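Asker: Contents of entry-v9.tsv (TSV, C-alpha atoms and all ligand atoms) are given next:
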```
chain	number	residue	atom	x	y	z
A	27	MET	CA	100.97	66.22	70.99
A	28	ASN	CA	101.68	69.85	71.74
A	29	ASP	CA	100.28	69.97	75.29
A	30	VAL	CA	101.96	72.25	77.78
A	31	VAL	CA	101.79	72.53	81.55
A	32	CYS	CA	101.53	76.02	82.97
A	33	GLU	CA	103.60	76.25	86.16
A	34	LEU	CA	102.64	79.78	87.13
A	35	CYS	CA	99.96	78.99	89.68
A	36	PRO	CA	99.06	75.99	91.84
A	37	ARG	CA	96.51	74.77	89.30
A	38	TYR	CA	99.25	73.45	86.98
A	39	CYS	CA	96.83	73.46	84.05
A	40	THR	CA	97.64	71.01	81.29
A	41	ILE	CA	96.69	72.92	78.16
A	42	PRO	CA	96.20	71.24	74.79
A	43	ALA	CA	97.15	73.08	71.60
A	44	GLY	CA	94.48	75.65	70.88
A	45	GLY	CA	93.27	75.60	74.48
A	46	ALA	CA	93.49	78.03	77.37
A	47	GLY	CA	94.29	77.60	81.03
A	48	ASP	CA	91.71	77.90	83.75
A	49	CYS	CA	92.42	81.66	83.75
A	50	ARG	CA	91.20	81.87	80.10
A	51	VAL	CA	94.04	84.11	78.98
A	52	ARG	CA	97.12	81.86	78.91
A	53	VAL	CA	96.75	80.05	75.61
A	54	ASN	CA	98.68	77.20	74.00
A	55	LEU	CA	99.38	78.02	70.36
A	56	GLY	CA	101.28	75.25	68.62
A	57	GLY	CA	103.08	74.13	71.78
A	58	LYS	CA	104.06	77.61	72.92
A	59	LEU	CA	102.20	79.16	75.83
A	60	ARG	CA	101.12	82.72	75.06
A	61	ALA	CA	100.20	85.42	77.56
A	62	THR	CA	97.43	86.77	75.37
A	63	THR	CA	96.64	89.89	77.39
A	64	TYR	CA	100.22	91.18	77.44
A	65	GLY	CA	100.09	94.87	76.48
A	66	ARG	CA	96.29	94.73	76.32
A	67	PRO	CA	94.78	96.13	79.50
A	68	SER	CA	90.99	96.34	79.73
A	69	ALA	CA	90.94	98.63	82.78
A	70	VAL	CA	93.15	101.69	83.32
A	71	HIS	CA	92.31	104.16	86.09
A	72	ILE	CA	93.94	106.56	88.49
A	73	ASP	CA	92.98	105.67	92.06
A	74	PRO	CA	93.94	106.83	95.53
A	75	MET	CA	96.49	104.53	97.19
A	76	GLU	CA	93.93	104.02	99.96
A	77	LYS	CA	91.63	102.25	97.50
A	78	LYS	CA	94.00	99.29	96.96
A	79	PRO	CA	93.74	99.35	100.04
A	80	LEU	CA	97.18	100.37	101.25
A	81	TYR	CA	97.11	102.55	104.36
A	82	HIS	CA	100.80	102.42	105.31
A	83	PHE	CA	102.37	102.98	101.89
A	84	HIS	CA	102.77	106.51	100.49
A	85	PRO	CA	99.43	107.65	101.93
A	86	GLY	CA	97.41	110.18	99.98
A	87	THR	CA	99.14	109.59	96.65
A	88	SER	CA	97.57	108.62	93.32
A	89	ILE	CA	98.35	105.35	91.62
A	90	LEU	CA	97.83	104.34	87.99
A	91	SER	CA	95.96	101.05	88.14
A	92	ILE	CA	95.79	98.51	85.35
A	93	ALA	CA	94.24	95.12	84.73
A	94	THR	CA	93.60	92.71	81.91
A	95	ALA	CA	90.80	90.19	81.51
A	96	GLY	CA	91.02	86.81	83.23
A	97	CYS	CA	91.62	85.38	86.70
A	98	ASN	CA	92.88	82.15	88.24
A	99	LEU	CA	90.24	82.26	90.96
A	100	HIS	CA	86.48	82.05	90.49
A	101	CYS	CA	85.03	83.56	93.63
A	102	ARG	CA	81.26	83.37	93.89
A	103	ASN	CA	81.23	86.90	95.27
A	104	CYS	CA	83.69	88.47	92.82
A	105	GLN	CA	83.33	92.26	92.69
A	106	ASN	CA	84.95	92.52	89.26
A	107	TRP	CA	83.54	89.50	87.49
A	108	GLN	CA	82.91	91.41	84.24
A	109	LEU	CA	86.66	91.67	83.99
A	110	SER	CA	87.95	88.64	85.84
A	111	GLN	CA	85.58	85.94	84.61
A	112	ARG	CA	86.08	86.69	80.93
A	113	GLY	CA	88.73	86.05	78.36
A	114	GLY	CA	90.33	88.88	76.44
A	115	GLU	CA	88.24	88.23	73.34
A	116	GLU	CA	85.06	88.80	75.36
A	117	MET	CA	85.97	92.31	76.49
A	118	GLU	CA	84.09	95.24	75.02
A	119	HIS	CA	87.30	97.14	74.75
A	120	ILE	CA	90.98	96.55	75.09
A	121	TYR	CA	93.53	99.33	75.34
A	122	ARG	CA	96.96	99.19	73.84
A	123	GLY	CA	99.55	99.71	76.53
A	124	MET	CA	102.97	98.17	76.20
A	125	PRO	CA	105.12	98.43	79.36
A	126	ASP	CA	106.97	101.60	78.30
A	127	GLN	CA	103.66	103.26	77.39
A	128	ILE	CA	102.21	102.47	80.81
A	129	VAL	CA	105.31	103.93	82.44
A	130	ASP	CA	105.15	107.07	80.28
A	131	THR	CA	101.48	107.55	81.08
A	132	THR	CA	102.15	107.10	84.79
A	133	LEU	CA	104.86	109.76	84.71
A	134	ASN	CA	102.84	112.12	82.54
A	135	GLN	CA	99.88	111.87	84.91
A	136	GLY	CA	102.04	112.70	87.90
A	137	CYS	CA	101.61	109.35	89.63
A	138	GLN	CA	104.44	107.82	91.63
A	139	ALA	CA	103.26	104.25	91.39
A	140	ILE	CA	101.56	101.59	89.28
A	141	ALA	CA	99.09	99.07	90.66
A	142	TYR	CA	98.49	95.70	89.03
A	143	THR	CA	95.01	95.01	90.28
A	144	TYR	CA	91.21	94.53	89.74
A	145	SER	CA	91.40	91.02	88.28
A	146	ASP	CA	94.29	88.95	89.61
A	147	PRO	CA	97.53	90.24	88.09
A	148	ILE	CA	99.08	86.80	88.49
A	149	ILE	CA	97.47	85.82	85.20
A	150	PHE	CA	99.13	88.67	83.31
A	151	TYR	CA	102.40	87.92	85.04
A	152	GLU	CA	104.80	88.70	82.20
A	153	TYR	CA	103.10	92.02	81.52
A	154	VAL	CA	103.35	92.90	85.21
A	155	TYR	CA	106.99	91.92	85.35
A	156	ASP	CA	108.10	93.87	82.30
A	157	THR	CA	106.06	96.94	83.22
A	158	ALA	CA	107.27	96.87	86.82
A	159	GLU	CA	110.87	96.49	85.72
A	160	ALA	CA	110.57	99.50	83.41
A	161	ALA	CA	108.79	101.45	86.15
A	162	GLN	CA	111.45	100.61	88.70
A	163	ALA	CA	114.13	101.86	86.32
A	164	VAL	CA	112.64	105.36	86.39
A	165	GLY	CA	111.93	105.42	90.13
A	166	LEU	CA	108.25	104.46	90.17
A	167	TYR	CA	106.85	102.06	92.77
A	168	ASN	CA	105.00	98.88	91.95
A	169	VAL	CA	101.98	97.62	93.86
A	170	PHE	CA	100.56	94.12	93.40
A	171	VAL	CA	96.96	93.58	94.49
A	172	THR	CA	96.33	89.86	94.49
A	173	ALA	CA	94.76	86.79	96.01
A	174	GLY	CA	98.25	85.28	96.26
A	175	TYR	CA	97.43	82.04	94.46
A	176	ILE	CA	100.77	81.65	92.73
A	177	ASN	CA	103.71	79.26	92.79
A	178	LYS	CA	106.81	80.11	94.77
A	179	ALA	CA	109.40	80.43	92.00
A	180	PRO	CA	107.49	82.96	89.87
A	181	LEU	CA	106.54	84.90	92.98
A	182	ARG	CA	110.13	85.15	94.20
A	183	LYS	CA	111.19	86.43	90.81
A	184	LEU	CA	108.39	88.97	90.73
A	185	CYS	CA	109.24	90.29	94.20
A	186	ARG	CA	112.45	91.76	92.76
A	187	VAL	CA	110.39	94.46	91.06
A	188	LEU	CA	107.59	94.94	93.61
A	189	ASN	CA	107.45	97.48	96.44
A	190	ALA	CA	104.12	96.70	98.07
A	191	THR	CA	101.19	94.33	97.97
A	192	ASN	CA	97.72	94.07	99.32
A	193	THR	CA	97.02	90.36	99.36
A	194	ASP	CA	93.64	88.82	100.13
A	195	LEU	CA	93.44	86.26	102.85
A	196	LYS	CA	89.90	85.27	102.04
A	197	ALA	CA	89.44	83.02	105.07
A	198	PHE	CA	91.68	81.09	107.41
A	199	ASP	CA	90.01	77.95	106.18
A	200	ASP	CA	90.85	75.65	103.31
A	201	LYS	CA	87.22	74.59	102.88
A	202	PHE	CA	86.19	78.21	102.30
A	203	TYR	CA	88.73	78.49	99.49
A	204	ARG	CA	87.56	75.25	97.89
A	205	ASP	CA	83.85	76.02	98.20
A	206	ASN	CA	83.85	79.70	97.24
A	207	CYS	CA	86.99	80.42	95.22
A	208	SER	CA	87.95	77.13	93.57
A	209	ALA	CA	91.35	77.46	95.22
A	210	THR	CA	93.20	76.30	98.34
A	211	LEU	CA	94.61	78.07	101.39
A	212	LYS	CA	98.18	76.81	101.68
A	213	PRO	CA	99.68	78.50	98.60
A	214	VAL	CA	98.21	81.81	99.77
A	215	LEU	CA	99.87	81.49	103.17
A	216	ASP	CA	103.14	80.62	101.45
A	217	ALA	CA	102.84	83.70	99.25
A	218	LEU	CA	102.27	85.97	102.26
A	219	VAL	CA	105.43	84.63	103.90
A	220	ILE	CA	107.41	85.10	100.68
A	221	PHE	CA	106.30	88.74	100.36
A	222	ARG	CA	107.52	89.33	103.91
A	223	GLU	CA	110.80	87.49	103.35
A	224	GLU	CA	111.47	89.39	100.15
A	225	GLY	CA	110.90	92.77	101.78
A	226	VAL	CA	107.74	93.71	99.87
A	227	TRP	CA	105.53	95.95	102.04
A	228	LEU	CA	102.51	93.82	102.90
A	229	GLU	CA	98.94	94.60	103.91
A	230	ILE	CA	96.23	91.94	104.09
A	231	THR	CA	92.54	92.14	103.25
A	232	ASN	CA	90.01	89.75	104.73
A	233	LEU	CA	86.48	90.16	103.41
A	234	VAL	CA	84.17	89.13	106.25
A	235	ILE	CA	81.10	87.32	104.88
A	236	PRO	CA	78.19	86.51	107.20
A	237	THR	CA	78.00	82.80	108.10
A	238	LEU	CA	80.85	81.81	105.76
A	239	ASN	CA	83.96	83.20	107.43
A	240	ASP	CA	82.79	85.36	110.33
A	241	ASP	CA	83.50	82.82	113.06
A	242	MET	CA	85.44	84.68	115.77
A	243	ALA	CA	87.54	81.66	116.66
A	244	MET	CA	88.73	81.56	113.05
A	245	ILE	CA	89.42	85.31	113.08
A	246	ARG	CA	91.58	84.75	116.17
A	247	ARG	CA	93.47	81.86	114.54
A	248	MET	CA	94.10	84.04	111.51
A	249	ALA	CA	95.34	86.91	113.66
A	250	HIS	CA	97.66	84.57	115.58
A	251	TRP	CA	99.10	83.27	112.35
A	252	ILE	CA	99.65	86.78	110.96
A	253	ARG	CA	101.28	87.93	114.21
A	254	ASP	CA	103.60	84.92	114.43
A	255	GLU	CA	104.50	84.46	110.75
A	256	LEU	CA	104.36	88.01	109.37
A	257	GLY	CA	104.64	90.29	112.39
A	258	ALA	CA	102.26	92.24	114.61
A	259	GLY	CA	102.84	95.35	112.50
A	260	THR	CA	101.20	93.84	109.40
A	261	PRO	CA	98.06	95.90	108.66
A	262	LEU	CA	94.90	93.80	108.40
A	263	HIS	CA	91.84	95.20	106.60
A	264	LEU	CA	88.58	93.55	107.64
A	265	SER	CA	86.23	94.51	104.84
A	266	ARG	CA	82.49	94.57	104.65
A	267	TYR	CA	80.86	92.14	102.23
A	268	HIS	CA	78.09	93.30	99.92
A	269	PRO	CA	75.89	90.87	97.92
A	270	MET	CA	77.60	90.37	94.57
A	271	TYR	CA	77.74	88.21	91.42
A	272	ARG	CA	76.72	84.65	92.29
A	273	MET	CA	76.52	85.22	96.02
A	274	ARG	CA	73.53	87.43	96.63
A	275	ASN	CA	71.76	85.37	99.23
A	276	LEU	CA	73.65	86.76	102.21
A	277	PRO	CA	73.18	90.17	103.85
A	278	PRO	CA	75.90	92.82	104.01
A	279	THR	CA	78.21	92.25	106.98
A	280	PRO	CA	76.76	93.88	110.11
A	281	THR	CA	78.89	96.66	111.57
A	282	GLU	CA	78.96	94.86	114.92
A	283	THR	CA	80.52	91.79	113.32
A	284	LEU	CA	83.33	93.88	111.85
A	285	GLU	CA	83.87	95.71	115.13
A	286	ARG	CA	84.02	92.49	117.07
A	287	ALA	CA	86.42	90.90	114.57
A	288	ARG	CA	88.64	93.98	114.77
A	289	GLN	CA	88.69	93.78	118.54
A	290	GLU	CA	89.53	90.06	118.45
A	291	ALA	CA	92.44	90.63	116.09
A	292	MET	CA	93.76	93.51	118.18
A	293	ASP	CA	93.42	91.45	121.36
A	294	VAL	CA	95.62	88.82	119.74
A	295	GLY	CA	98.23	91.54	119.33
A	296	LEU	CA	97.93	92.93	115.80
A	297	HIS	CA	98.77	96.64	115.86
A	298	TYR	CA	96.85	97.93	112.84
A	299	VAL	CA	93.45	96.39	112.19
A	300	TYR	CA	91.11	98.32	109.93
A	301	ILE	CA	87.47	98.13	109.02
A	302	GLY	CA	87.01	98.50	105.27
A	303	ASN	CA	84.07	99.35	102.99
A	304	LEU	CA	82.42	101.28	105.83
A	305	SER	CA	83.17	104.92	105.16
A	306	GLY	CA	83.80	107.18	108.11
A	307	HIS	CA	84.05	104.39	110.67
A	308	LYS	CA	86.62	104.96	113.42
A	309	GLY	CA	88.12	101.62	112.45
A	310	SER	CA	89.37	103.06	109.17
A	311	SER	CA	91.75	105.44	110.95
A	312	THR	CA	95.27	104.70	112.21
A	313	PHE	CA	96.05	104.90	115.92
A	314	CYS	CA	99.36	104.59	117.74
A	315	PRO	CA	99.59	101.04	119.09
A	316	HIS	CA	101.50	102.35	122.12
A	317	ASP	CA	99.34	105.20	123.42
A	318	GLY	CA	96.29	105.29	121.16
A	319	THR	CA	97.01	108.71	119.61
A	320	LEU	CA	95.05	109.32	116.38
A	321	LEU	CA	97.67	109.33	113.65
A	322	ILE	CA	95.74	109.31	110.35
A	323	ARG	CA	92.02	109.93	110.04
A	324	ARG	CA	90.34	108.62	106.89
A	325	THR	CA	86.92	109.12	105.40
A	326	GLY	CA	86.37	106.77	102.53
A	327	PHE	CA	89.59	106.81	100.52
A	328	TRP	CA	90.47	110.31	101.68
A	329	ILE	CA	92.81	111.43	104.45
A	330	THR	CA	91.25	114.15	106.58
A	331	GLU	CA	93.91	114.36	109.32
A	332	TYR	CA	97.58	113.38	109.26
A	333	HIS	CA	99.73	113.60	112.39
A	334	LEU	CA	102.66	111.24	111.76
A	335	THR	CA	106.10	112.81	112.01
A	336	GLU	CA	108.23	112.99	108.88
A	337	ASP	CA	110.11	109.88	109.92
A	338	GLY	CA	106.89	107.91	110.50
A	339	ARG	CA	106.55	108.18	114.28
A	340	CYS	CA	103.78	108.98	116.74
A	341	PRO	CA	104.08	112.70	117.52
A	342	VAL	CA	103.31	112.06	121.21
A	343	CYS	CA	105.31	108.99	122.27
A	344	HIS	CA	107.62	108.70	119.21
A	345	GLU	CA	106.69	105.08	118.63
A	346	LYS	CA	107.87	103.95	115.18
A	347	ILE	CA	104.81	103.17	113.03
A	348	GLU	CA	105.48	100.39	110.52
A	349	GLY	CA	105.05	101.42	106.91
A	350	VAL	CA	106.61	103.21	103.95
A	351	TRP	CA	105.70	106.82	104.59
A	352	THR	CA	107.90	108.89	102.30
B	3	MET	CA	87.17	98.42	93.46
B	4	SER	CA	83.90	100.27	93.18
B	5	LYS	CA	80.87	99.65	91.04
B	6	LYS	CA	81.90	102.66	89.00
B	7	ASP	CA	84.91	100.80	87.73
B	8	ILE	CA	82.85	97.80	86.79
B	9	HIS	CA	80.55	100.05	84.82
B	10	ASP	CA	83.52	101.62	83.10
B	11	VAL	CA	84.47	98.23	81.80
B	12	ARG	CA	80.97	97.59	80.51
B	13	LYS	CA	80.19	100.89	78.86
B	14	PRO	CA	79.94	101.19	75.10
B	15	LYS	CA	83.29	101.89	73.56
B	16	GLN	CA	82.99	105.58	72.71
B	17	LYS	CA	81.42	106.55	75.96
B	18	SER	CA	83.83	104.60	78.05
B	19	ARG	CA	86.86	105.97	76.25
B	20	ARG	CA	85.66	109.51	76.80
B	21	HIS	CA	85.11	108.71	80.41
B	22	PHE	CA	88.53	107.15	80.65
B	23	LEU	CA	90.16	110.16	79.08
B	24	GLY	CA	88.12	112.45	81.26
B	25	VAL	CA	89.12	110.64	84.42
B	26	LEU	CA	92.78	110.78	83.60
B	27	ALA	CA	92.72	114.36	82.39
B	28	GLY	CA	90.51	115.48	85.25
B	29	LEU	CA	92.57	113.97	87.97
B	30	ALA	CA	95.92	114.95	86.68
B	31	GLY	CA	95.07	118.18	84.89
B	32	SER	CA	96.63	116.97	81.67
B	33	THR	CA	95.17	116.11	78.31
B	34	ALA	CA	98.00	114.69	76.26
B	35	THR	CA	99.76	111.32	76.09
B	36	LEU	CA	96.72	109.09	76.20
B	37	GLY	CA	96.57	108.02	72.61
B	38	VAL	CA	98.87	105.18	73.43
B	39	LEU	CA	96.24	103.72	75.73
B	40	SER	CA	93.20	104.34	73.56
B	41	GLN	CA	91.74	102.63	70.55
B	42	LYS	CA	91.26	105.76	68.53
B	43	ASP	CA	93.56	104.58	65.77
B	44	GLY	CA	91.73	101.29	65.52
B	45	PRO	CA	93.13	97.96	66.56
B	46	VAL	CA	96.82	97.47	65.96
B	47	GLU	CA	98.21	93.99	65.94
B	48	LEU	CA	100.67	93.21	68.69
B	49	PRO	CA	102.59	89.99	68.55
B	50	LEU	CA	101.41	87.52	71.20
B	51	HIS	CA	103.90	87.48	74.04
B	52	GLU	CA	105.33	84.13	75.05
B	53	ALA	CA	104.59	83.12	78.63
B	54	ASP	CA	107.11	82.40	81.34
B	55	PHE	CA	106.94	79.34	83.63
B	56	TYR	CA	105.60	76.51	81.52
B	57	LYS	CA	106.90	73.28	80.02
B	58	PRO	CA	105.91	70.75	77.38
B	59	HIS	CA	103.66	68.01	78.66
B	60	ASN	CA	104.45	64.43	77.73
B	61	LEU	CA	102.37	61.40	78.49
B	62	ALA	CA	103.98	58.75	80.66
B	63	GLY	CA	104.47	55.15	79.53
A	401	ZN	ZN	102.15	107.10	120.51
```
Represent the structure from my file as structure tokens, please.
Ligand SMILES: [Zn+2]
Answerer:
Amino acid sequence: MNDVVCELCPRYCTIPAGGAGDCRVRVNLGGKLRATTYGRPSAVHIDPMEKKPLYHFHPGTSILSIATAGCNLHCRNCQNWQLSQRGGEEMEHIYRGMPDQIVDTTLNQGCQAIAYTYSDPIIFYEYVYDTAEAAQAVGLYNVFVTAGYINKAPLRKLCRVLNATNTDLKAFDDKFYRDNCSATLKPVLDALVIFREEGVWLEITNLVIPTLNDDMAMIRRMAHWIRDELGAGTPLHLSRYHPMYRMRNLPPTPTETLERARQEAMDVGLHYVYIGNLSGHKGSSTFCPHDGTLLIRRTGFWITEYHLTEDGRCPVCHEKIEGVWT
Amino acid sequence: MSKKDIHDVRKPKQKSRRHFLGVLAGLAGSTATLGVLSQKDGPVELPLHEADFYKPHNLAG
């Protein structure tokens, strides 16, 4: 009897000796739980900050982005399933990158930040924590790109070393999470509140999928919740769905749906609502919530105009724009 | 994340490592320091790191 219970995420997997958790990468060896992908990333890239997406956090900078195999969600439309829905032993290659090596590489490449991303970094929690702690010690920023399906105690601990997150809110609907992600909504909402309480800069991504989560009444309920629990200044990215993985039967999200959802969320009172995955759309630029001045124009992941003052204000009316600008 | 990244993960080892090195070097204008993140020296055993946040499971009764 060497079973263990993993308490990292709301699944609470009971894992027999020799077995792995639902994430495939947390493995019970002789009664000790091992984080098997620690120091073994399978994806390492330099990306623009805007790709995370973070629009209000050090805009225009580059960020070293790492991920290991595995995930604690199993979304039918996963964009990165070759990475997330595999265990480490199934990867075609695995890099060696202990925390201090990731930090050195980040510095040597002239990046100011590290993103833990692509799969869900929750499942390589210890690797994130140790890398982020080492990064923080030399003045780098840490960005956590996640679905937020994690228990409160580990998340609170992790927040000590995080600066920013983009967290998915996949739908404001528990049934959607159960049907499409094999997860539940409540822990995600709790995680969003914890990020805010702990002072981690927070942006939210909602992928709008035709017929599954594009109901405007639900978009309004979600916007109300964000406004009331997280603040009207929380950026919300409404992203376009493309057919992917095991969900190829639905069409890409129509532009009109995204525009209407954006308008609904702004009517509720959210200040910064973006349209994502639709390059060049007006909805991917930042406007002053007070007087509508264009503040940052984006095309794809690139900034083509930047008008914020050095202290992050509208140059016309001097409204303070929420974010971490310098 | 773009399709490009997915393809990076799936490429044959040599090709993908070159691409990886190229991306890093190209973007940052630097060529050194990447050996630590490559497999060019062959696999090196790392000890398996113990996880945080778990407990032994005991049956009731
Ligand atoms: Zn203004």
Asker: Please find the residues of chain A near chain B - the criterion being any atom within 7 Å, counting all atoms listed in the file - and write them as a list in words.
Answerer: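 The answer, sorted by residue number, is Asp29, Val30, Val31, Cys32, Glu33, Leu34, Lys58, Leu59, Arg60, Ala61, Thr62, Tyr64, Ala69, Ile72, Asn106, Gln108, Glu118, His119, Tyr121, Arg122, Gly123, Gln127, Thr131, Gln135, Gly136, Tyr144 and Glu152 of chain A.
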Asker: Using only C-alpha atoms and all ligand atoms, find each protein or nucleic acid residue lying at most 8 Å from ligand ZN 401 (chain A); present the set as a list in words.
Answerer: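 Going residue by residue within 8 Å of ligand ZN 401 (chain A), we get Phe313, Cys314, Pro315, His316, Asp317, Gly318, Thr319, Arg339, Cys340, Pro341, Val342, Cys343, His344 and Glu345 of chain A.
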Asker: Rounded to one decimal in Å, what is the spacing between atom CA of Gly306 of chain A and atom CA of Arg324 of chain A?
Answerer: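 These two atoms are separated by 6.8 Å.
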Asker: Could you please determine the separation between atom CA of Ser265 of chain A and atom CA of Ile235 of chain A in Å, to one decimal place?
Answerer: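 We find that atom CA of Ser265 of chain A and atom CA of Ile235 of chain A lie 8.8 Å from each other.
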Asker: Counting all atoms listed in the file, what is within 10 Å of Lys183 of chain A, bar same-chain residues fewer than 4 positions away, as a PyMOL selection string?
Answerer: chain A and resi 155+178-179+187-188+224
Asker: Quick one: distance from atom CA of Glu290 of chain A to atom CA of Pro278 of chain A in Å, one decimal?
Answerer: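 Interatomic distance here is 20.0 Å.
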